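Q: Have a look at this one before I ask anything.
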Amino acid sequence: MSAKTAGRYDIQMRTNETFSMQLVYKDRNKLPIDITGYTAHMQVRNKPGGNVLILDSNNVGNSITVDGPNGVVNVEFGVDNMLGVTAQKGAYDLALIDPADKPAVVVEGTVAIIKGVTR
């Protein structure tokens, strides 16, 4: 994977539901890039370099999976991890780590955290 500027995608999360996001890593021709052997990591912080609000797959109830041949990354943060978030906004990025353990941030953005009513 060559060095590129990360794409920007701002997201919303609710504190009373599981957060799910699916990304497809594509080339300039909009064809999926094979990321077989890669892993993915994503964190949500109160600001870039700030305090961690939600950890990635290190937390029980969260998962980040990679469908390598199709270039797909699935992110899920369980509702139990969302319930403890008290911030109203944050920042995130998602990095793909190649088989040689070299990370590349592929998407980043802001997070609007909406306090849930039910639950």
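Ordering of the structure tokens sets the chain letters (A, B, ...); residue numbers start at 1 within each chain; ligands are numbered from 1 in the order shown.
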Can you pull out every residue within 8 Å of segment 86-97 of chain A, counting only C-alpha atoms, but drop anything in the same chain fewer than 3 positions away, and send it as a PDB file with C-alpha atoms, in the first residue's frame?
A:
```pdb
ATOM      1  CA  TYR A  38      -4.057  -6.977   6.904  1.00  0.00           C
ATOM      2  CA  THR A  39      -5.590  -6.103  10.250  1.00  0.00           C
ATOM      3  CA  ALA A  40      -7.440  -2.911  11.113  1.00  0.00           C
ATOM      4  CA  HIS A  41      -7.538  -0.721  14.215  1.00  0.00           C
ATOM      5  CA  MET A  42      -9.734   2.234  15.088  1.00  0.00           C
ATOM      6  CA  GLN A  43      -9.992   4.386  18.181  1.00  0.00           C
ATOM      7  CA  VAL A  44     -12.282   7.240  19.119  1.00  0.00           C
ATOM      8  CA  ARG A  45     -10.679   9.992  21.210  1.00  0.00           C
ATOM      9  CA  ASN A  46     -12.011  13.259  22.568  1.00  0.00           C
ATOM     10  CA  LYS A  47      -9.589  15.023  20.178  1.00  0.00           C
ATOM     11  CA  PRO A  48      -6.576  13.975  18.089  1.00  0.00           C
ATOM     12  CA  LEU A  53     -13.237   7.295  24.497  1.00  0.00           C
ATOM     13  CA  ALA A 100       4.905  -6.427   7.770  1.00  0.00           C
ATOM     14  CA  ASP A 101       3.222  -4.533  10.680  1.00  0.00           C
ATOM     15  CA  LYS A 102       3.316  -1.182   8.840  1.00  0.00           C
ATOM     16  CA  PRO A 103       0.215   0.953   9.545  1.00  0.00           C
ATOM     17  CA  ALA A 104      -1.487   3.284   7.091  1.00  0.00           C
ATOM     18  CA  VAL A 105      -4.379   5.528   8.126  1.00  0.00           C
ATOM     19  CA  VAL A 106      -7.036   5.162   5.431  1.00  0.00           C
ATOM     20  CA  VAL A 107      -9.929   7.170   6.880  1.00  0.00           C
ATOM     21  CA  GLU A 108     -10.345   9.792   9.586  1.00  0.00           C
ATOM     22  CA  GLY A 109     -12.898  12.291  10.766  1.00  0.00           C
ATOM     23  CA  THR A 110     -14.952  13.763  13.542  1.00  0.00           C
ATOM     24  CA  VAL A 111     -17.452  11.910  15.690  1.00  0.00           C
ATOM     25  CA  ALA A 112     -20.733  13.375  16.904  1.00  0.00           C
ATOM     26  CA  ILE A 113     -21.825  11.386  19.962  1.00  0.00           C
ATOM     27  CA  ILE A 114     -25.557  11.514  20.517  1.00  0.00           C
ATOM     28  CA  LYS A 115     -26.831  10.776  24.030  1.00  0.00           C
TER      29      LYS A 115
END
```
Q: May I have all residues of chain A that DSSP, computed from the backbone, assigns to strand (DSSP E), given as a PyMOL selection string?
A: chain A and resi 7-8+11-14+19-24+39-45+52-54+62-67+72-77+89-97+103-114
Q: Could you write out the selected residues, including C-alpha atoms, as a compact mmCIF listing (two decimals), in the first residue's frame?
A:
```txt
# COMPACT_ATOMS: atom_id res chain seq x y z
CA GLY A 7 -9.97 9.91 3.29
CA ARG A 8 -12.31 11.98 5.42
CA ILE A 11 -19.63 9.84 11.67
CA GLN A 12 -22.35 9.85 14.32
CA MET A 13 -22.59 7.38 17.20
CA ARG A 14 -25.42 6.92 19.68
CA PHE A 19 -22.24 1.30 16.30
CA SER A 20 -21.55 -0.43 12.97
CA MET A 21 -19.63 0.82 9.96
CA GLN A 22 -18.47 -0.93 6.81
CA LEU A 23 -15.71 0.49 4.61
CA VAL A 24 -14.52 -0.78 1.25
CA THR A 39 -5.59 -6.10 10.25
CA ALA A 40 -7.44 -2.91 11.11
CA HIS A 41 -7.54 -0.72 14.22
CA MET A 42 -9.73 2.23 15.09
CA GLN A 43 -9.99 4.39 18.18
CA VAL A 44 -12.28 7.24 19.12
CA ARG A 45 -10.68 9.99 21.21
CA VAL A 52 -9.43 7.47 24.46
CA LEU A 53 -13.24 7.29 24.50
CA ILE A 54 -13.70 3.93 22.75
CA ASN A 62 -16.13 -4.67 19.94
CA SER A 63 -14.83 -6.14 16.73
CA ILE A 64 -13.01 -5.05 13.62
CA THR A 65 -12.86 -7.65 10.88
CA VAL A 66 -11.22 -7.62 7.46
CA ASP A 67 -12.55 -9.37 4.35
CA VAL A 72 -13.88 -4.72 3.22
CA VAL A 73 -13.39 -3.58 6.83
CA ASN A 74 -16.30 -4.06 9.26
CA VAL A 75 -16.27 -2.09 12.52
CA GLU A 76 -18.61 -2.77 15.43
CA PHE A 77 -18.57 -1.13 18.86
CA LYS A 89 -17.82 14.94 20.18
CA GLY A 90 -14.54 13.35 19.29
CA ALA A 91 -12.19 12.30 16.53
CA TYR A 92 -11.25 8.94 15.06
CA ASP A 93 -9.08 7.31 12.49
CA LEU A 94 -8.91 3.82 11.08
CA ALA A 95 -5.56 2.28 10.21
CA LEU A 96 -4.86 -0.78 8.12
CA ILE A 97 -1.77 -2.69 9.27
CA PRO A 103 0.21 0.95 9.55
CA ALA A 104 -1.49 3.28 7.09
CA VAL A 105 -4.38 5.53 8.13
CA VAL A 106 -7.04 5.16 5.43
CA VAL A 107 -9.93 7.17 6.88
CA GLU A 108 -10.34 9.79 9.59
CA GLY A 109 -12.90 12.29 10.77
CA THR A 110 -14.95 13.76 13.54
CA VAL A 111 -17.45 11.91 15.69
CA ALA A 112 -20.73 13.37 16.90
CA ILE A 113 -21.82 11.39 19.96
CA ILE A 114 -25.56 11.51 20.52
```
Q: So that I can see what lies close to Gly61 of chain A, please list as a list of chain:residue names the residues with an atom at most 8 Å from it, counting only C-alpha atoms and leaving out residues fewer than 4 positions away in the same chain.
A: A:Ser57, A:Phe77, A:Gly78, A:Val79, A:Asp80, A:Asn81
Q: According to DSSP computed on the backbone, where in chain A is there helix (DSSP H, G or I)? Give the residues as a list in words.
A: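 Of chain A, the ones in helix (DSSP H, G or I) are Gly68, Pro69, Asn70, Val79, Asp80, Asn81, Met82 and Leu83 of chain A.
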Q: Keeping only C-alpha atoms, write the selected residues to a file as a compact mmCIF listing (two decimals), in the first residue's frame.
A:
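The resulting file, result.txt, is shown below:
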```
# COMPACT_ATOMS: atom_id res chain seq x y z
CA GLY A 68 -9.24 -9.21 2.50
CA PRO A 69 -10.09 -10.27 -1.06
CA ASN A 70 -13.01 -7.82 -1.19
CA VAL A 79 -23.71 -1.03 23.03
CA ASP A 80 -22.12 -1.84 26.41
CA ASN A 81 -19.02 0.12 25.35
CA MET A 82 -21.12 2.97 23.97
CA LEU A 83 -23.14 3.39 27.19
```
